[in-house]
Each structure stands twice: as C-alpha cells, then as structure tokens.
Amino acid sequence: MNGAEAVVRMLQLNGVRHVFGLCGDTSLPLYDALARLDHGIEHILARDERSAAYMADGYARVTGRVGVCEGPSGGGATYLLPGIVEANNSSIAVLGITSDVPVGSRGKYPLTEVDQETMYRPLTKWNTRVDRADQIPGALRGAFRAMTTGTPGAAHICLPYDVQKHELDGALVWAQPGQECFPSARSAADPADVDRAADRLVAARAPVVICGGGVLLSGACDALERLAELLGMPVCTTVSGKGSLADTHPLNAGVVGANGGVRETRAIVDGADLVLFIGCRAGSTTTSQWTSPPRSVAILHIDSDPMAIGANYRTEVGLVGDARLALTALRDAVAARLQARPAARAEGRALVARARAAKREALLALARSSGRPIAPECVVEALDRLLPPGAIVVADPGTPCPYMAAYFNAPQAGRHFITNRAHGALGFAMSAGVGASFGRPDAMVAALMGDGSFGFTCGELETIVRRKVPLKMVVFSNSVFGWIKASQKTGYGERYFSTDFSRTDHAAVSEAFGVRAWRVEDPAQVEPALRAALAHDGPALVDVISQELQDSAVPVSQWMG
C-alpha cells in the first residue's frame, strides 16, 4: 500500500468514524485513498480549516473519541492551528493532519512551503513530520497514544505530498487497542495521599468542591456525586467543568469565577474552610484572579497533570491521577471515617438552595423586561425552559458564554455545555456545534453566538445546509465587539474605540444559504421564535436584536461593580 492508504487504514483501525477537513493540492493522494478504499469513515467537507478543527473539537468533547481534522499545506496548515491549540489547551484529543510540499522541494521556494513541524511544536502535546512512508504507522500510533493517555491533548502530523504516494509494507499497519477514546491508560492516585485527603475532608466544617473540565473528561460525574452526597458538600464548577454534577442537583451551586460566576456562588466558596479542586488548574478566571478562594483556605487538589497541583495555591494534599479513580477511592476512604466529622458543620444543601434562589430571582427580574433592545436574560431564560433534556449548548465567548454558564440548567450530568475557554477565539460555536451534531445525532444541539462570531464563521451555513445538520442557532445581534467595549467602559473611562460595526440582518443571510430563520426585536416574540426554531426539522436560526454587552447585567465580575 502507499502512504496515503496507510493513513486511512490507521485511522480506521483506531476507530475513527468522521474526519473534518478542506481539500488542497498537497492532499490529493489522501483524498484519493479516502475515495477508493472501503473504510467506513465519513468525510465532512468544511469551508474553512479553522471550522474543521472546531468541528473536530466539538465532536471529541461529546463522544470521548479522538476528533480528526485535516487541511492542506501553506494557508491550510496555518488556518487549522487555532482549533488545534484550543483543543490542546482544553485537554481535548484532536488530531490535525496537514499535507505538505514534497520532501525534495524543501528549501527551493515551492508554493505553500512552511515549517509546519516547528510551527505546531509548542502548541500541541505531540507533533511530527514524516519523511518516509514506513514512518506513517508509527506516527499515527504515537499520536493516538499521546492524545489519549495522561492528560489528553492535541497532536499534529505533517504528511509531505510525495510520501503519501510512496509504498510501504502493509504489515507495519496496526493499532494499539484502547487508544481510540480518551482518557486511556488511567493512573490512580497514591493510596497514602487518598487517606490524607480523606482525613482533611472529614475534619472540615465547610468543605467545597470546585470542578474543572477534568471531571467530564474522566467520566467522573457519578463518583463526584457519591462523594458530594456523602458529605453534603456544595459543588461549584468552572466554565469548562459545567455539567460535572447535574445543574439541578441540590448540591450544585453553579459556576464560579470571573466568567459566569455570581456573588451568591462566590460567597459559598469564600465561606469554605477547605476547597477540593478536581481536574482544574485554578487559573485566573476560575478564582477571580486568585482571590476566591482566599489563599488562607486549606486546599486539596486532584489532577492527572502533576504540574497543575500547587501551581497557584499552596496545596495540603495533591492526588496525581485520573479523577474517576481518585474520587472513587476518596469516597470509600471518607465513608470509613464519617464518625469523625465535626458536630458543627455547614449545611451544604441549605447554602446551595439560598444561593440558587437568589440567582434565579435576579435572572427573572431581568428576563421579564419589556425593554428594547432585548435583554439577553430574556433569551437565556426561555432557552433554559424550552431546550429538551439531553440538549447540548455550544456557546461562543462574548455574550453567550457568561450568560449560559451562569443560567443554563441541564437536568443531567455530563457534557451538555461546550465553550472554548482556553483561548476564547470568536467563530467557535457554529462549527463546534456541527461537530457535536455528528458526534451526538440523538441530541438537539444549539449554537449561541454574538454577531462578531457570526461574521467569522457564517460560511459554514453552506456546510450545515449541504450536510442537513439540524443545528439550532441563536445570534445576539448588538453590532459591537461587546467584551472589549464593556472592558473599555469599566477600565478605560468609557473611551470607546474601534469596537462598533454595522448591523447585519443575520436572518436574511441565513435564509440565503437555505436556513430557516427568524428576526426578533420585541421581547414578547422571543419565546414564540425560539419554539418555532426548536420545532423545525432542519437547521434554524433566531436573530435577536439585543442589548450591547456593556449596557447589560452580564455575570462577569469585573463589570458587576
């Protein structure tokens, strides 16, 4: 077989079912192999390599399988990079395959030459360029091993055009079982550390958990729930950890931090005498610039990456290992020590109930406003009621992320909320929503974006229509790059500069692509339009003329006063 055929067979052997990508001259051998061979892989042609990478990211997040994207040399390789680095820094297993100029053309100024290996090296967990066809199987095995073991991440393989056409021995083509999903090869925390952590949890008067994306990646939701219920312990999440516990669970206090956190939830964290971080880096957003929890609070930390433990807080006990294994062991150790719990301890359920009631009251007061432009709370509250159980919400940064992080309530645990919090690039939601739709065709997927994001990614409406993706979309249309303008308001004396742009009729644009669309200016029409869009049997978009972000009550701590 030739190199391109070996790539296809290696993907097949690793259980790949979907590949998202965009064609180019240097990818012709790979496309020919995909066309000729019987492999069971569905190729989804995107309209932009950035979109293809975001599709692979969304797909991987909802399936737990490696997401695969591909693109050609030159501009294609550079365009694929934003999605790859987002996945890598979000610990999502995404493989980017880029084709390249022939080996013999290097250094001769061929069209589209760029040093892809050097470009991708600092931005991926694993990266290589193959120079001979017989290196291809080993490169694919190395990529899948790196992406799925330890802390998951992204990988990149560069395939020169001529290497794809060279022959190799088919006996080299085999895959290591178990590395098609992530995490694989789980490691357990030291039992002595588990015992030490259990002692401290049981002795705490008011322990609180803060869950990051590692809980979802590990599939540790059930283990988390068992531990939290055993201790009656409030559970908070980061934006990426939303879904670690069902949003409706009586111990789920909600998202904390600068993006989506509210005062009531912060008060629960600030009242803790011990905080357990799980699969969370305790970064600036989660901790509101390392002020909540305060540094005086005792810290326990579970993470698969030892470098994350103690990076930002002095940690009494660090448990290095898989979150599900660590939580299961910790729950058993705590159960054996319950008789040692202090008599005077915080009532976690009561604390959470009061915080949630206050948050809900504040939301409803704004959601019922009849003012124009429409308050984002009106849209968020309606979606929270109307989306069916099991729905997946994909939110772009800007307006949708903090609002949905704070107020969307999935009735079940798991990955039902996706946003790109590693780098926060615009244009993520629509494409990641496409990937999530292919990964979870049984679930309704809703993509929420601002009009800035819509401008980045609206070309994928053609992909959505061509592939009959039943994606539901909402655009918050306020004709501004709102996050920057809101920051200019609070931090720069309202000296607004170069953040406003002209309003687009997003409904008309969408209908020109063949998407059923509604444009809403009256708050009274928000719910009817959303109902119609969600009931439509194909892709649908609701364009909401909404408040500018700097004039809204968006749950972002630096703007809340």
# chains A, B, ... in the order shown; residues from 1 in each chain; ligands from 1
>>> residues_around(residues="Ser218 in chain A", least_positions_apart="6", cutoff="10 Å", atoms="only C-alpha atoms", output="compact mmCIF listing (two decimals) with N, CA, C and O atoms, in the first residue's frame")
# COMPACT_ATOMS: atom_id res chain seq x y z
N GLY A 64 -16.04 11.57 23.46
CA GLY A 64 -14.91 10.94 24.13
C GLY A 64 -14.01 10.20 23.18
O GLY A 64 -13.09 9.50 23.61
N THR A 151 -2.84 13.39 30.70
CA THR A 151 -3.75 14.48 30.42
C THR A 151 -3.94 14.56 28.91
O THR A 151 -2.97 14.74 28.18
N PRO A 152 -5.17 14.40 28.41
CA PRO A 152 -5.36 14.40 26.95
C PRO A 152 -4.91 15.71 26.32
O PRO A 152 -4.74 16.74 26.98
N PHE A 182 -10.57 8.67 24.92
CA PHE A 182 -9.76 9.30 25.97
C PHE A 182 -10.62 9.56 27.19
O PHE A 182 -11.82 9.78 27.06
N PRO A 183 -10.00 9.45 28.39
CA PRO A 183 -8.61 9.07 28.64
C PRO A 183 -8.42 7.56 28.61
O PRO A 183 -9.32 6.81 28.97
N SER A 184 -7.26 7.13 28.15
CA SER A 184 -6.89 5.72 28.19
C SER A 184 -5.71 5.56 29.15
O SER A 184 -5.08 6.54 29.54
N ARG A 186 -5.52 4.86 32.37
CA ARG A 186 -5.71 5.69 33.55
C ARG A 186 -4.72 5.32 34.66
O ARG A 186 -4.40 4.15 34.85
N GLY A 279 -9.56 18.27 38.67
CA GLY A 279 -9.40 18.46 37.23
C GLY A 279 -9.48 19.92 36.83
O GLY A 279 -10.07 20.26 35.82
N SER A 304 -4.69 14.94 36.80
CA SER A 304 -3.84 13.98 36.10
C SER A 304 -2.49 14.59 35.75
O SER A 304 -1.54 13.87 35.45
N ASP A 322 -6.06 9.94 37.65
CA ASP A 322 -7.36 10.06 36.98
C ASP A 322 -8.43 10.47 37.99
O ASP A 322 -8.50 9.93 39.11
N ALA A 323 -9.29 11.41 37.61
CA ALA A 323 -10.30 11.94 38.54
C ALA A 323 -11.28 10.86 38.97
O ALA A 323 -11.67 10.81 40.15
N ARG A 324 -11.72 10.01 38.06
CA ARG A 324 -12.71 8.99 38.43
C ARG A 324 -12.12 8.00 39.43
O ARG A 324 -12.76 7.67 40.44
N LEU A 325 -10.91 7.56 39.18
CA LEU A 325 -10.27 6.62 40.11
C LEU A 325 -10.02 7.28 41.46
O LEU A 325 -10.24 6.68 42.51
>>> residues_around(residues="Met449 in chain A", least_positions_apart="5", cutoff="8 Å", atoms="only C-alpha atoms", output="PyMOL selection string")
chain A and resi 395-400+427+429-430+454+473-476
>>> residues_around(residues="Thr499 in chain A", least_positions_apart="6", cutoff="9 Å", atoms="only C-alpha atoms", output="JSON, numbers by chain")
{"A": [479, 480, 481, 482, 484, 485]}
>>> residues_around(residues="Asp25 in chain A", least_positions_apart="2", cutoff="12 Å", atoms="only C-alpha atoms", output="MDAnalysis selection string")
chainID A and resid 22:23 27:32 71:76 98:102 111:112 160:162
>>> write_last_selection(atoms="N, CA, C and O atoms", output="JSON list (two decimals), in the first residue's frame")
[["chain", "number", "residue", "atom", "x", "y", "z"],
["A", 22, "LEU", "N", -10.67, 20.17, 4.66],
["A", 22, "LEU", "CA", -10.77, 21.01, 3.47],
["A", 22, "LEU", "C", -9.68, 20.58, 2.49],
["A", 22, "LEU", "O", -8.53, 20.36, 2.88],
["A", 23, "CYS", "N", -10.05, 20.49, 1.23],
["A", 23, "CYS", "CA", -9.17, 19.93, 0.22],
["A", 23, "CYS", "C", -8.09, 20.93, -0.22],
["A", 23, "CYS", "O", -8.24, 22.14, -0.07],
["A", 27, "SER", "N", -3.01, 17.54, -0.70],
["A", 27, "SER", "CA", -3.81, 16.49, -0.05],
["A", 27, "SER", "C", -4.42, 15.52, -1.04],
["A", 27, "SER", "O", -5.14, 14.60, -0.64],
["A", 28, "LEU", "N", -4.13, 15.68, -2.32],
["A", 28, "LEU", "CA", -4.79, 14.85, -3.34],
["A", 28, "LEU", "C", -4.59, 13.35, -3.14],
["A", 28, "LEU", "O", -5.55, 12.57, -3.27],
["A", 29, "PRO", "N", -3.40, 12.87, -2.79],
["A", 29, "PRO", "CA", -3.27, 11.42, -2.57],
["A", 29, "PRO", "C", -4.14, 10.92, -1.41],
["A", 29, "PRO", "O", -4.73, 9.85, -1.49],
["A", 30, "LEU", "N", -4.22, 11.71, -0.34],
["A", 30, "LEU", "CA", -5.06, 11.32, 0.79],
["A", 30, "LEU", "C", -6.53, 11.28, 0.40],
["A", 30, "LEU", "O", -7.25, 10.33, 0.74],
["A", 31, "TYR", "N", -6.99, 12.27, -0.34],
["A", 31, "TYR", "CA", -8.38, 12.28, -0.78],
["A", 31, "TYR", "C", -8.68, 11.13, -1.72],
["A", 31, "TYR", "O", -9.76, 10.53, -1.68],
["A", 32, "ASP", "N", -7.70, 10.80, -2.56],
["A", 32, "ASP", "CA", -7.90, 9.68, -3.48],
["A", 32, "ASP", "C", -8.02, 8.37, -2.72],
["A", 32, "ASP", "O", -8.86, 7.51, -3.05],
["A", 71, "GLY", "N", -6.10, 19.36, 6.68],
["A", 71, "GLY", "CA", -6.03, 20.50, 5.78],
["A", 71, "GLY", "C", -4.75, 20.45, 4.96],
["A", 71, "GLY", "O", -3.82, 19.70, 5.28],
["A", 72, "PRO", "N", -4.68, 21.27, 3.91],
["A", 72, "PRO", "CA", -3.52, 21.26, 3.02],
["A", 72, "PRO", "C", -2.38, 22.12, 3.54],
["A", 72, "PRO", "O", -2.47, 22.72, 4.62],
["A", 73, "SER", "N", -1.33, 22.20, 2.78],
["A", 73, "SER", "CA", -0.13, 22.94, 3.15],
["A", 73, "SER", "C", -0.38, 24.44, 3.10],
["A", 73, "SER", "O", -1.45, 24.91, 2.67],
["A", 74, "GLY", "N", 0.62, 25.20, 3.56],
["A", 74, "GLY", "CA", 0.54, 26.66, 3.47],
["A", 74, "GLY", "C", -0.54, 27.24, 4.35],
["A", 74, "GLY", "O", -0.61, 26.98, 5.55],
["A", 75, "GLY", "N", -1.43, 28.02, 3.73],
["A", 75, "GLY", "CA", -2.51, 28.65, 4.47],
["A", 75, "GLY", "C", -3.39, 27.66, 5.20],
["A", 75, "GLY", "O", -3.87, 27.94, 6.30],
["A", 76, "GLY", "N", -3.62, 26.49, 4.61],
["A", 76, "GLY", "CA", -4.44, 25.49, 5.26],
["A", 76, "GLY", "C", -3.85, 25.05, 6.59],
["A", 76, "GLY", "O", -4.56, 24.90, 7.59],
["A", 98, "THR", "N", -1.96, 17.57, 8.38],
["A", 98, "THR", "CA", -1.75, 18.53, 7.30],
["A", 98, "THR", "C", -0.83, 17.93, 6.26],
["A", 98, "THR", "O", 0.18, 17.30, 6.60],
["A", 99, "SER", "N", -1.17, 18.12, 5.02],
["A", 99, "SER", "CA", -0.26, 17.69, 3.95],
["A", 99, "SER", "C", 0.76, 18.80, 3.70],
["A", 99, "SER", "O", 0.63, 19.92, 4.19],
["A", 100, "ASP", "N", 1.81, 18.46, 2.92],
["A", 100, "ASP", "CA", 2.91, 19.40, 2.78],
["A", 100, "ASP", "C", 3.55, 19.25, 1.41],
["A", 100, "ASP", "O", 3.25, 18.29, 0.66],
["A", 101, "VAL", "N", 4.45, 20.16, 1.10],
["A", 101, "VAL", "CA", 5.17, 20.09, -0.16],
["A", 101, "VAL", "C", 6.03, 18.83, -0.19],
["A", 101, "VAL", "O", 6.37, 18.28, 0.86],
["A", 102, "PRO", "N", 6.42, 18.34, -1.37],
["A", 102, "PRO", "CA", 7.26, 17.14, -1.43],
["A", 102, "PRO", "C", 8.59, 17.35, -0.69],
["A", 102, "PRO", "O", 9.12, 18.45, -0.61],
["A", 111, "LEU", "N", 5.63, 26.71, -3.80],
["A", 111, "LEU", "CA", 4.38, 27.31, -3.33],
["A", 111, "LEU", "C", 3.89, 26.59, -2.07],
["A", 111, "LEU", "O", 3.94, 25.36, -2.00],
["A", 112, "THR", "N", 3.46, 27.34, -1.09],
["A", 112, "THR", "CA", 2.86, 26.88, 0.17],
["A", 112, "THR", "C", 3.85, 26.25, 1.15],
["A", 112, "THR", "O", 3.43, 25.61, 2.10],
["A", 160, "PRO", "N", 4.14, 14.99, 3.81],
["A", 160, "PRO", "CA", 4.55, 15.51, 2.51],
["A", 160, "PRO", "C", 3.82, 14.81, 1.36],
["A", 160, "PRO", "O", 3.47, 13.63, 1.45],
["A", 161, "TYR", "N", 3.61, 15.55, 0.30],
["A", 161, "TYR", "CA", 2.85, 15.05, -0.86],
["A", 161, "TYR", "C", 3.45, 13.76, -1.42],
["A", 161, "TYR", "O", 2.73, 12.78, -1.64],
["A", 162, "ASP", "N", 4.77, 13.73, -1.63],
["A", 162, "ASP", "CA", 5.36, 12.56, -2.27],
["A", 162, "ASP", "C", 5.37, 11.35, -1.35],
["A", 162, "ASP", "O", 5.22, 10.20, -1.80]]
>>> closest_residue(among="A:Arg531, A:Val202, A:Ala486, A:Ala189", to="Gln339 in chain A", atoms="only C-alpha atoms")
A:Val202
>>> residues_around(residues="Ile84 in chain A", least_positions_apart="3", cutoff="7 Å", atoms="only C-alpha atoms", output="list in words")
Ala53, Leu80, Leu81, Ala87, Asn88, Val94, Gly96 and Ala154 of chain A
>>> write_last_selection(atoms="C-alpha atoms", output="PDB file, in the first residue's frame")
ATOM      1  CA  ALA A  53     -10.670  21.979  13.638  1.00  0.00           C
ATOM      2  CA  LEU A  80      -6.037  24.712  11.163  1.00  0.00           C
ATOM      3  CA  LEU A  81      -3.789  25.844  14.002  1.00  0.00           C
ATOM      4  CA  ALA A  87      -8.221  21.701  21.834  1.00  0.00           C
ATOM      5  CA  ASN A  88      -4.749  21.125  23.244  1.00  0.00           C
ATOM      6  CA  VAL A  94      -7.875  16.239  18.479  1.00  0.00           C
ATOM      7  CA  GLY A  96      -4.669  17.575  12.978  1.00  0.00           C
ATOM      8  CA  ALA A 154      -3.947  17.565  20.592  1.00  0.00           C
TER       9      ALA A 154
END
>>> select_by_dssp(residues="range 317-434 of chain A", states="strand (DSSP E)", output="number ranges by chain")
A: 317-320, 392-395, 417-419
>>> residues_around(residues="Met119 in chain A", least_positions_apart="5", cutoff="12 Å", atoms="only C-alpha atoms", output="JSON list (two decimals) with C-alpha atoms, in the first residue's frame")
[["chain", "number", "residue", "atom", "x", "y", "z"],
["A", 74, "GLY", "CA", 0.54, 26.66, 3.47],
["A", 77, "ALA", "CA", -1.87, 24.44, 7.85],
["A", 78, "THR", "CA", -1.91, 27.89, 9.46],
["A", 79, "TYR", "CA", -5.72, 28.10, 9.47],
["A", 80, "LEU", "CA", -6.04, 24.71, 11.16],
["A", 81, "LEU", "CA", -3.79, 25.84, 14.00],
["A", 82, "PRO", "CA", -6.27, 27.96, 16.06],
["A", 84, "ILE", "CA", -5.70, 22.65, 17.38],
["A", 85, "VAL", "CA", -4.25, 24.92, 20.07],
["A", 114, "VAL", "CA", 6.10, 26.50, 5.69],
["A", 124, "THR", "CA", 0.47, 20.58, 20.66],
["A", 127, "ASN", "CA", 3.86, 16.63, 16.78],
["A", 128, "THR", "CA", 5.88, 15.13, 13.94],
["A", 129, "ARG", "CA", 6.66, 15.33, 10.24],
["A", 156, "HIS", "CA", -0.30, 17.04, 14.65],
["A", 157, "ILE", "CA", 1.16, 15.03, 11.77],
["A", 158, "CYS", "CA", 2.68, 16.61, 8.67]]
>>> closest_residue(among="A:Asn89, A:Asp222, A:Arg337, A:Arg121", to="Ala203 in chain A", atoms="only C-alpha atoms")
A:Arg337
>>> residues_around(residues="Ser240 in chain A", least_positions_apart="2", cutoff="6 Å", atoms="only C-alpha atoms", output="list in words")
Gly212, Gly213, Thr238 and Lys242 of chain A
>>> closest_residue(among="A:Glu361, A:Glu49, A:Asp134, A:Asp190", to="Leu172 in chain A", atoms="only C-alpha atoms")
A:Asp134
>>> closest_residue(among="A:Ala540, A:Ile464, A:Leu448, A:Leu227", to="Leu426 in chain A", atoms="only C-alpha atoms")
A:Leu448
